[in-house]
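Heads up, my_file.txt below (compact mmCIF, C-alpha atoms):
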# COMPACT_ATOMS: atom_id res chain seq x y z
CA MET A 202 10.68 -31.46 -7.69
CA GLU A 203 12.52 -31.13 -11.00
CA GLN A 204 11.70 -28.23 -13.17
CA GLU A 205 9.99 -29.26 -16.36
CA ASN A 206 11.43 -27.82 -19.53
CA SER A 207 9.30 -25.23 -21.20
CA ASN A 208 7.58 -26.50 -24.33
CA VAL A 209 5.87 -23.24 -25.13
CA GLN A 210 7.48 -20.70 -27.38
CA ALA A 211 7.42 -17.32 -25.64
CA ILE A 212 6.32 -14.32 -27.63
CA PRO A 213 9.15 -11.75 -27.58
CA ALA A 214 8.59 -8.66 -25.48
CA ASP A 215 7.13 -5.50 -26.94
CA LYS A 216 9.73 -2.81 -26.18
CA ASP A 217 7.08 -0.09 -26.06
CA LYS A 218 4.98 -1.88 -23.46
CA ILE A 219 8.01 -2.38 -21.23
CA LYS A 220 8.98 1.25 -21.67
CA LYS A 221 5.47 2.34 -20.66
CA ILE A 222 5.67 0.26 -17.48
CA TRP A 223 8.97 1.84 -16.48
CA ARG A 224 7.59 5.26 -17.39
CA VAL A 225 4.79 4.85 -14.82
CA ALA A 226 7.38 3.65 -12.30
CA GLY A 227 9.34 6.82 -12.97
CA ILE A 228 6.24 8.95 -12.47
CA LEU A 229 5.59 7.30 -9.10
CA ALA A 230 9.20 7.86 -8.03
CA LEU A 231 9.02 11.48 -9.17
CA VAL A 232 5.79 12.19 -7.28
CA THR A 233 7.29 10.60 -4.16
CA ALA A 234 10.37 12.82 -4.53
CA ILE A 235 8.10 15.86 -4.86
CA GLU A 236 6.30 14.81 -1.68
CA PHE A 237 9.65 14.66 0.12
CA GLY A 238 10.44 18.11 -1.25
CA PHE A 239 7.26 19.50 0.30
CA ALA A 240 7.93 17.57 3.53
CA PHE A 241 11.21 19.37 4.10
CA GLY A 242 10.72 22.57 2.17
CA MET A 243 7.31 23.71 3.39
CA ALA A 244 6.03 24.46 6.88
CA ALA A 245 3.49 22.05 8.35
CA GLY A 246 -0.10 23.17 7.97
CA ASP A 247 -3.41 22.60 6.24
CA VAL A 248 -2.13 23.66 2.80
CA ARG A 249 0.77 21.23 2.94
CA THR A 250 -1.54 18.46 4.18
CA PHE A 251 -3.84 19.09 1.26
CA ILE A 252 -0.89 18.92 -1.17
CA PHE A 253 0.23 15.60 0.33
CA ILE A 254 -3.23 14.11 0.01
CA PHE A 255 -3.54 15.34 -3.56
CA LEU A 256 -0.17 13.86 -4.57
CA THR A 257 -1.03 10.58 -2.85
CA ILE A 258 -4.25 10.36 -4.85
CA VAL A 259 -2.21 10.99 -8.01
CA LYS A 260 0.00 8.03 -7.09
CA ALA A 261 -3.05 5.93 -6.25
CA PHE A 262 -4.54 6.74 -9.65
CA TYR A 263 -1.45 5.50 -11.49
CA ILE A 264 -1.19 2.34 -9.39
CA VAL A 265 -4.86 1.42 -9.83
CA ALA A 266 -5.31 2.50 -13.44
CA GLU A 267 -2.00 1.26 -14.89
CA PHE A 268 -0.42 -1.32 -12.58
CA MET A 269 -3.73 -2.94 -11.69
CA HIS A 270 -4.94 -2.31 -15.23
CA LEU A 271 -8.33 -1.07 -14.04
CA GLY A 272 -8.16 1.84 -16.44
CA HIS A 273 -8.32 -0.58 -19.36
CA GLU A 274 -11.10 -2.78 -18.07
CA LYS A 275 -14.77 -2.61 -19.00
CA LYS A 276 -16.61 0.50 -17.68
CA SER A 277 -18.97 -1.58 -15.54
CA LEU A 278 -16.03 -3.13 -13.70
CA ILE A 279 -14.32 0.23 -13.22
CA TYR A 280 -17.47 1.74 -11.74
CA SER A 281 -18.15 -1.33 -9.57
CA VAL A 282 -14.83 -0.70 -7.86
CA ILE A 283 -14.66 3.10 -7.84
CA LEU A 284 -18.23 4.11 -6.95
CA PRO A 285 -18.39 2.30 -3.57
CA MET A 286 -15.27 4.25 -2.59
CA LEU A 287 -17.46 7.36 -2.49
CA PHE A 288 -18.63 6.04 0.87
CA VAL A 289 -15.04 6.44 2.03
CA VAL A 290 -15.00 10.09 0.98
CA PHE A 291 -18.15 10.59 3.02
CA LEU A 292 -16.58 8.80 6.00
CA ILE A 293 -13.55 11.10 5.82
CA PHE A 294 -15.70 14.21 6.08
CA ILE A 295 -17.87 13.03 8.95
CA LEU A 296 -15.03 11.56 11.02
CA MET A 297 -12.83 14.64 10.60
CA TYR A 298 -15.79 16.66 11.87
CA GLN A 299 -16.14 14.26 14.80
CA GLY A 300 -12.42 14.47 15.54
CA SER A 301 -12.50 18.22 15.90
CA ALA A 302 -15.69 17.98 17.99
CA ILE A 303 -13.93 15.59 20.37
CA PHE A 304 -10.97 17.97 20.45
CA ASP A 305 -13.23 20.84 21.45
CA LEU A 306 -14.75 18.68 24.15
CA LEU A 307 -11.43 17.57 25.60
CA HIS A 308 -9.44 20.80 25.35
CA MET B 104 -39.71 -28.40 -21.94
CA ALA B 105 -36.49 -29.97 -20.73
CA ASN B 106 -35.00 -29.66 -24.21
CA THR B 107 -35.76 -26.03 -24.89
CA ALA B 108 -33.21 -23.42 -23.89
CA VAL B 109 -34.69 -20.04 -23.17
CA VAL B 110 -32.39 -17.29 -24.35
CA VAL B 111 -32.86 -14.16 -22.34
CA ASN B 112 -32.27 -10.91 -24.17
CA GLU B 113 -29.77 -12.20 -26.70
CA GLY B 114 -26.89 -9.79 -27.24
CA SER B 115 -27.04 -8.29 -23.78
CA PRO B 116 -23.92 -8.87 -21.70
CA TRP B 117 -26.19 -9.86 -18.81
CA ARG B 118 -27.92 -12.69 -20.62
CA GLY B 119 -26.01 -15.38 -18.77
CA GLY B 120 -23.28 -17.73 -19.92
CA VAL B 121 -20.90 -14.88 -20.72
CA GLU B 122 -18.66 -12.66 -18.60
CA PRO B 123 -20.56 -9.36 -18.31
CA MET B 124 -17.52 -7.37 -17.23
CA LYS B 125 -15.14 -9.23 -19.56
CA ALA B 126 -13.27 -10.47 -16.49
CA SER B 127 -13.07 -14.04 -15.28
CA TYR B 128 -14.78 -15.10 -12.06
CA GLY B 129 -11.46 -15.25 -10.21
CA LYS B 130 -10.35 -11.81 -11.28
CA LEU B 131 -13.73 -10.29 -10.46
CA MET B 132 -13.77 -11.85 -7.00
CA MET B 133 -10.24 -10.62 -6.35
CA TRP B 134 -11.35 -7.08 -7.23
CA PHE B 135 -14.35 -7.30 -4.90
CA PHE B 136 -12.19 -8.69 -2.11
CA LEU B 137 -9.74 -5.80 -2.60
CA LEU B 138 -12.68 -3.37 -2.42
CA SER B 139 -13.68 -4.82 0.95
CA ASP B 140 -10.08 -4.66 2.16
CA ALA B 141 -9.93 -1.06 0.97
CA PHE B 142 -12.91 -0.33 3.21
CA THR B 143 -11.11 -1.91 6.16
CA PHE B 144 -7.92 0.10 5.64
CA SER B 145 -9.89 3.27 4.94
CA ALA B 146 -11.75 2.82 8.21
CA LEU B 147 -8.47 2.30 10.08
CA LEU B 148 -6.73 5.27 8.50
CA ILE B 149 -9.68 7.63 8.89
CA THR B 150 -10.07 6.59 12.52
CA TYR B 151 -6.37 7.38 12.89
CA GLY B 152 -7.20 10.86 11.61
CA LEU B 153 -10.10 11.18 14.04
CA ILE B 154 -8.01 10.15 17.06
CA ARG B 155 -5.02 12.21 16.03
CA TYR B 156 -7.03 15.39 15.57
CA SER B 157 -8.67 14.96 18.94
CA HIS B 158 -5.20 15.55 20.39
CA PRO B 159 -3.48 18.94 20.31
CA ALA B 160 -0.73 19.43 17.75
CA PHE B 161 2.68 20.84 18.58
CA GLU B 162 2.72 24.59 18.12
CA GLY B 163 6.11 26.13 17.51
CA ALA B 164 9.36 25.73 15.63
CA ILE B 165 10.66 22.24 14.93
CA SER B 166 13.93 23.11 16.69
CA ASP B 167 11.95 23.60 19.91
CA PHE B 168 10.20 20.27 19.62
CA ALA B 169 10.43 17.75 22.48
CA PHE B 170 8.47 14.57 23.05
CA SER B 171 5.54 15.03 25.39
CA GLN B 172 2.31 13.37 26.43
CA GLU B 173 0.48 16.64 25.91
CA TYR B 174 0.60 16.80 22.15
CA TRP B 175 0.92 14.56 19.09
CA PRO B 176 4.58 14.23 18.01
CA ILE B 177 5.98 15.51 14.74
CA PRO B 178 6.57 12.40 12.59
CA GLU B 179 9.96 13.44 11.20
CA MET B 180 11.26 13.77 14.75
CA VAL B 181 10.16 10.23 15.60
CA TYR B 182 11.11 8.35 12.43
CA ASP B 183 14.62 9.65 11.96
CA ALA B 184 16.88 6.62 12.19
CA ILE B 185 18.35 4.16 9.72
CA PRO B 186 20.05 0.84 10.43
CA PHE B 187 23.78 0.76 11.09
CA VAL B 188 23.91 4.54 11.57
CA HIS B 189 23.34 5.23 15.24
CA GLY B 190 22.38 8.61 16.62
CA VAL B 191 22.31 10.47 13.30
CA HIS B 192 19.16 12.48 12.67
CA LEU B 193 17.96 11.41 9.21
CA PRO B 194 14.28 12.22 9.13
CA LEU B 195 12.08 10.01 6.92
CA VAL B 196 15.07 8.60 5.01
CA PHE B 197 14.46 5.00 5.99
CA VAL B 198 10.75 5.12 5.29
CA GLY B 199 11.56 6.67 1.91
CA ILE B 200 13.78 3.69 1.17
CA MET B 201 10.97 1.34 2.23
CA THR B 202 8.50 3.10 -0.06
CA PHE B 203 10.96 2.87 -2.95
CA ILE B 204 11.46 -0.87 -2.35
CA LEU B 205 7.73 -1.60 -2.27
CA ILE B 206 6.95 0.45 -5.37
CA LEU B 207 9.84 -1.26 -7.16
CA SER B 208 8.46 -4.67 -6.19
CA SER B 209 5.13 -3.57 -7.66
CA VAL B 210 6.90 -2.68 -10.91
CA THR B 211 8.55 -6.12 -11.07
CA MET B 212 5.12 -7.66 -10.48
CA VAL B 213 3.70 -5.73 -13.46
CA LEU B 214 6.60 -7.02 -15.55
CA ALA B 215 5.83 -10.57 -14.39
CA VAL B 216 2.20 -10.20 -15.46
CA GLU B 217 3.30 -8.77 -18.81
CA ALA B 218 5.63 -11.72 -19.32
CA GLY B 219 2.76 -14.05 -18.46
CA HIS B 220 0.67 -12.56 -21.25
CA ARG B 221 3.44 -13.62 -23.65
CA MET B 222 3.73 -17.10 -22.12
CA ASP B 223 7.38 -16.27 -21.34
CA ARG B 224 7.89 -18.61 -18.39
CA LYS B 225 11.52 -17.74 -17.67
CA ALA B 226 10.72 -14.03 -17.50
CA VAL B 227 7.71 -14.64 -15.23
CA GLU B 228 9.94 -16.61 -12.86
CA LYS B 229 12.59 -13.91 -12.87
CA TRP B 230 10.24 -11.00 -12.21
CA MET B 231 8.18 -12.87 -9.59
CA LEU B 232 11.36 -13.77 -7.75
CA TRP B 233 12.39 -10.11 -7.68
CA THR B 234 8.92 -9.22 -6.36
CA ILE B 235 9.27 -11.76 -3.55
CA VAL B 236 12.74 -10.44 -2.70
CA GLY B 237 11.35 -6.90 -2.59
CA GLY B 238 8.52 -7.97 -0.31
CA LEU B 239 10.84 -9.78 2.07
CA THR B 240 13.18 -6.77 2.14
CA PHE B 241 10.27 -4.49 2.98
CA LEU B 242 9.22 -6.81 5.81
CA GLY B 243 12.75 -6.83 7.17
CA CYS B 244 12.85 -3.03 7.06
CA GLN B 245 9.51 -2.77 8.82
CA ALA B 246 10.70 -5.22 11.50
CA TRP B 247 13.74 -3.02 12.10
CA GLU B 248 11.53 0.06 12.23
CA TRP B 249 9.33 -1.59 14.87
CA SER B 250 12.24 -2.77 17.00
CA HIS B 251 13.84 0.69 16.90
CA PHE B 252 10.50 2.29 17.78
CA ILE B 253 9.99 -0.10 20.69
CA ALA B 254 13.56 0.24 21.95
CA GLY B 255 13.39 4.04 21.95
CA THR B 256 16.04 6.72 21.85
CA ASP B 257 19.08 7.16 24.07
CA ILE B 258 17.64 9.80 26.35
CA ALA B 259 14.75 8.75 28.54
CA LYS B 260 11.67 10.93 28.34
CA ASN B 261 9.51 11.77 31.28
CA VAL B 262 6.33 9.74 30.73
CA ALA B 263 3.66 9.85 33.43
CA SER B 264 6.32 10.78 35.99
CA ASN B 265 8.41 7.72 35.15
CA ASN B 266 11.54 7.83 33.05
CA PHE B 267 10.37 5.74 30.17
CA ILE B 268 12.26 4.72 27.04
CA GLY B 269 10.66 3.14 24.05
CA ALA B 270 7.10 2.16 23.31
CA ASN B 271 4.46 -0.43 24.02
CA LEU B 272 0.71 -0.57 23.66
CA SER B 273 -0.01 1.33 26.87
CA MET B 274 2.66 4.01 26.90
CA ASN B 275 5.46 5.40 24.79
CA GLN B 276 8.13 8.06 25.02
CA TYR B 277 7.10 9.92 21.87
CA GLY B 278 3.63 11.19 22.75
CA PRO B 279 0.13 10.14 23.84
CA SER B 280 -0.45 6.40 24.20
CA ASN B 281 -2.65 6.36 21.11
CA PHE B 282 0.35 7.34 19.00
CA ALA B 283 2.17 4.05 19.52
CA ALA B 284 -1.01 1.96 19.59
CA LEU B 285 -2.11 3.27 16.19
CA PHE B 286 1.39 2.92 14.74
CA PHE B 287 1.54 -0.75 15.75
CA PHE B 288 -2.00 -1.54 14.71
CA ILE B 289 -2.02 0.05 11.27
CA THR B 290 1.54 -0.69 10.15
CA GLY B 291 1.14 -4.15 11.68
CA PHE B 292 -2.06 -4.81 9.78
CA HIS B 293 -0.41 -3.62 6.59
CA GLY B 294 2.72 -5.66 7.33
CA PHE B 295 0.53 -8.70 7.80
CA HIS B 296 -0.88 -8.13 4.34
CA VAL B 297 2.63 -7.82 2.93
CA PHE B 298 3.55 -11.07 4.65
CA SER B 299 0.54 -12.96 3.31
CA GLY B 300 1.21 -11.42 -0.10
CA VAL B 301 4.78 -12.73 -0.07
CA MET B 302 3.50 -16.19 0.91
CA ILE B 303 0.91 -16.20 -1.87
CA ASN B 304 3.44 -14.87 -4.39
CA PHE B 305 5.80 -17.66 -3.43
CA VAL B 306 3.15 -20.34 -3.96
CA ILE B 307 2.33 -18.98 -7.40
CA PHE B 308 6.02 -18.57 -8.22
CA TYR B 309 6.49 -22.24 -7.36
CA GLN B 310 3.55 -23.22 -9.56
CA VAL B 311 5.09 -21.29 -12.45
CA THR B 312 8.44 -23.04 -12.03
CA VAL B 313 6.92 -26.52 -12.16
CA GLY B 314 4.94 -25.67 -15.25
CA ILE B 315 1.38 -25.58 -13.92
CA MET B 316 0.57 -22.27 -15.65
CA GLU B 317 2.06 -23.46 -18.88
CA LYS B 318 -0.04 -26.60 -18.78
CA ARG B 319 -3.08 -24.48 -18.01
CA GLY B 320 -2.39 -22.36 -21.04
CA HIS B 321 -2.48 -18.98 -19.31
CA TYR B 322 -0.83 -17.05 -16.52
CA GLU B 323 -3.97 -15.39 -15.18
CA MET B 324 -3.18 -16.56 -11.63
CA VAL B 325 -0.09 -14.37 -11.75
CA GLU B 326 -2.31 -11.48 -12.72
CA LYS B 327 -4.70 -12.12 -9.82
CA VAL B 328 -2.01 -12.29 -7.14
CA GLY B 329 -0.49 -9.28 -8.85
CA LEU B 330 -3.68 -7.36 -8.11
CA TYR B 331 -3.35 -8.27 -4.42
CA TRP B 332 0.29 -7.17 -4.42
CA HIS B 333 -0.51 -3.82 -6.04
CA PHE B 334 -3.23 -3.30 -3.44
CA VAL B 335 -0.66 -3.85 -0.69
CA ASP B 336 1.56 -1.23 -2.35
CA LEU B 337 -1.39 1.13 -2.70
CA VAL B 338 -2.23 0.87 0.99
CA TRP B 339 1.39 1.59 1.86
CA VAL B 340 1.28 4.77 -0.26
CA PHE B 341 -1.59 5.99 1.94
CA VAL B 342 -0.07 4.80 5.22
CA PHE B 343 3.19 6.54 4.25
CA THR B 344 1.36 9.81 3.65
CA PHE B 345 -0.80 9.77 6.77
CA PHE B 346 1.74 8.46 9.26
CA TYR B 347 4.99 9.93 8.05
CA LEU B 348 4.27 13.02 6.00
CA ILE B 349 1.25 14.69 7.56
Encoded form using structure tokens:
Amino acid sequence: MEQENSNVQAIPADKDKIKKIWRVAGILALVTAIEFGFAFGMAAGDVRTFIFIFLTIVKAFYIVAEFMHLGHEKKSLIYSVILPMLFVVFLIFILMYQGSAIFDLLH
Amino acid sequence: MANTAVVVNEGSPWRGGVEPMKASYGKLMMWFFLLSDAFTFSALLITYGLIRYSHPAFEGAISDFAFSQEYWPIPEMVYDAIPFVHGVHLPLVFVGIMTFILILSSVTMVLAVEAGHRMDRKAVEKWMLWTIVGGLTFLGCQAWEWSHFIAGTDIAKNVASNNFIGANLSMNQYGPSNFAALFFFITGFHGFHVFSGVMINFVIFYQVTVGIMEKRGHYEMVEKVGLYWHFVDLVWVFVFTFFYLI
């Protein structure tokens, strides 16, 4: 199918907006680099695991709030998405507890 | 009675006939779908945690580490290969490259959405094409990762008194059978989402090139598939942490 020629005049890009997008990309790359630093520079253990999870949540925050634009949506939409995720937090706690209980049973 | 319109609570965003969350139906439904998918992936990843922590961990220095059925393997000793470089121990390098590619494809998707807001068709095409390329590259990398994982390392490991190399759903050389099963299931489920995302992105890319969005007067469809693509990236961020770092 032939490509139709564009009849619409594009609005020129706002340099600041583009810069902000690349800034968030840089933050994500930086946090990932920091994670790698901890992966090789710190011994495995609960503290390191906690640091990894914290940094991952930082990355998740930037992806959801900026890339997915949720941070700029109406409050009711933000809460509709974020509040049900509290169930996931609950699930993490109870299943980690179960995992260690199974461990104690098996070993 | 048929001619009178009853206005409920005029001024309230919930009065009907308006968008209460200032988002279109399509965008709202995409968000709610992503929420349900987030539940699915959360359940899978948390169950991974449950199963993993019901196995013993390796106690001791990394230099003493050897694959065994008795304990869960150390990830950086399993995922230590990159294509075209055989036998060199490069822990987590390849998966770092994969993460970089996927995050970059998310950035190009944001730029495509931004271009759509300005009705800049050529820019939308360019950035969506880069996003598709990034997605396909990630899939290729994941396919290589799987084939290397399945093929195994050079030295056979003693698995259930057989010399076994590689991995399948019932046994693997790296550790307990759950290790491989969970790797395939979770990265496979995520990879399937990446694949469907690439397909959907391609359809929308095509629609942009033939002028459907322009005729419509807005590029909101690009924004909606962009949400799905960012979700795929977001899941990878968590899979990367739980499978490769911890």
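Near range 235-249 of chain B, within 6 Å and counting all atoms listed in the file, sit Met201, Ser208 and Val301 of chain B; same-chain residues fewer than 4 positions away were not included.
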Counting all atoms listed in the file, which residues in chain A sit no more than 6 Å from chain B? For each one, give the nearest pair of atoms and the distance in Å, sorted by chain then residue number, as JSON lines.
{"residue": "A:Gln204", "atom": "CA", "partner": "B:Val313", "partner_atom": "CA", "distance": 5.2}
{"residue": "A:Glu205", "atom": "CA", "partner": "B:Val313", "partner_atom": "CA", "distance": 5.9}
{"residue": "A:Ala211", "atom": "CA", "partner": "B:Asp223", "partner_atom": "CA", "distance": 4.4}
{"residue": "A:Ile212", "atom": "CA", "partner": "B:Arg221", "partner_atom": "CA", "distance": 5.0}
{"residue": "A:Thr250", "atom": "CA", "partner": "B:Ile349", "partner_atom": "CA", "distance": 5.8}
{"residue": "A:Met269", "atom": "CA", "partner": "B:Leu330", "partner_atom": "CA", "distance": 5.7}
{"residue": "A:Lys275", "atom": "CA", "partner": "B:Met124", "partner_atom": "CA", "distance": 5.8}
{"residue": "A:Leu278", "atom": "CA", "partner": "B:Met124", "partner_atom": "CA", "distance": 5.7}
{"residue": "A:Leu296", "atom": "CA", "partner": "B:Leu153", "partner_atom": "CA", "distance": 5.8}
{"residue": "A:Met297", "atom": "CA", "partner": "B:Leu153", "partner_atom": "CA", "distance": 5.6}
{"residue": "A:Gly300", "atom": "CA", "partner": "B:Leu153", "partner_atom": "CA", "distance": 4.3}
{"residue": "A:Ser301", "atom": "CA", "partner": "B:Ser157", "partner_atom": "CA", "distance": 5.9}
{"residue": "A:Ile303", "atom": "CA", "partner": "B:Ser157", "partner_atom": "CA", "distance": 5.5}
{"residue": "A:Phe304", "atom": "CA", "partner": "B:Ser157", "partner_atom": "CA", "distance": 4.1}
List as a PyMOL selection string the residues having at least one atom at most 12 Å from position (5.0, 12.4, -9.0) as given in the file, counting only C-alpha atoms. chain A and resi 224-239+252-253+255-264
Just C-alpha atoms for this one: save the residues we selected as a PDB file, in the frame of the given file.
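Result file is result-v8.pdb:
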ATOM      1  CA  ARG A 224       7.590   5.260 -17.390  1.00  0.00           C
ATOM      2  CA  VAL A 225       4.790   4.850 -14.820  1.00  0.00           C
ATOM      3  CA  ALA A 226       7.380   3.650 -12.300  1.00  0.00           C
ATOM      4  CA  GLY A 227       9.340   6.820 -12.970  1.00  0.00           C
ATOM      5  CA  ILE A 228       6.240   8.950 -12.470  1.00  0.00           C
ATOM      6  CA  LEU A 229       5.590   7.300  -9.100  1.00  0.00           C
ATOM      7  CA  ALA A 230       9.200   7.860  -8.030  1.00  0.00           C
ATOM      8  CA  LEU A 231       9.020  11.480  -9.170  1.00  0.00           C
ATOM      9  CA  VAL A 232       5.790  12.190  -7.280  1.00  0.00           C
ATOM     10  CA  THR A 233       7.290  10.600  -4.160  1.00  0.00           C
ATOM     11  CA  ALA A 234      10.370  12.820  -4.530  1.00  0.00           C
ATOM     12  CA  ILE A 235       8.100  15.860  -4.860  1.00  0.00           C
ATOM     13  CA  GLU A 236       6.300  14.810  -1.680  1.00  0.00           C
ATOM     14  CA  PHE A 237       9.650  14.660   0.120  1.00  0.00           C
ATOM     15  CA  GLY A 238      10.440  18.110  -1.250  1.00  0.00           C
ATOM     16  CA  PHE A 239       7.260  19.500   0.300  1.00  0.00           C
ATOM     17  CA  ILE A 252      -0.890  18.920  -1.170  1.00  0.00           C
ATOM     18  CA  PHE A 253       0.230  15.600   0.330  1.00  0.00           C
ATOM     19  CA  PHE A 255      -3.540  15.340  -3.560  1.00  0.00           C
ATOM     20  CA  LEU A 256      -0.170  13.860  -4.570  1.00  0.00           C
ATOM     21  CA  THR A 257      -1.030  10.580  -2.850  1.00  0.00           C
ATOM     22  CA  ILE A 258      -4.250  10.360  -4.850  1.00  0.00           C
ATOM     23  CA  VAL A 259      -2.210  10.990  -8.010  1.00  0.00           C
ATOM     24  CA  LYS A 260       0.000   8.030  -7.090  1.00  0.00           C
ATOM     25  CA  ALA A 261      -3.050   5.930  -6.250  1.00  0.00           C
ATOM     26  CA  PHE A 262      -4.540   6.740  -9.650  1.00  0.00           C
ATOM     27  CA  TYR A 263      -1.450   5.500 -11.490  1.00  0.00           C
ATOM     28  CA  ILE A 264      -1.190   2.340  -9.390  1.00  0.00           C
TER      29      ILE A 264
END
In terms of the shortest atom-to-atom distance over all atoms listed in the file, which of B:Phe346, B:Phe286, B:Phe187, B:Trp339 is closest to Leu205 in chain B? B:Trp339
Atom pair CA of Leu272 in chain B / CA of Ala284 in chain B: separation (Å):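 We find that CA of Leu272 in chain B and CA of Ala284 in chain B lie 5.1 Å from each other.
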Would you compute, for all listed atoms of range 220-235 of chain A, the axis-aligned bounding box grown by 6 Å on each side, and then report its centre and edge lengths in Å rounded to one decimal, as JSON?
{"center_x": 7.6, "center_y": 8.1, "center_z": -12.9, "size_x": 17.6, "size_y": 27.6, "size_z": 29.5}
Quick check, in Å to one decimal: how far apart do CA of Ile303 in chain B and CA of Val335 in chain B lie?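 CA of Ile303 in chain B sits 12.5 Å away from CA of Val335 in chain B.
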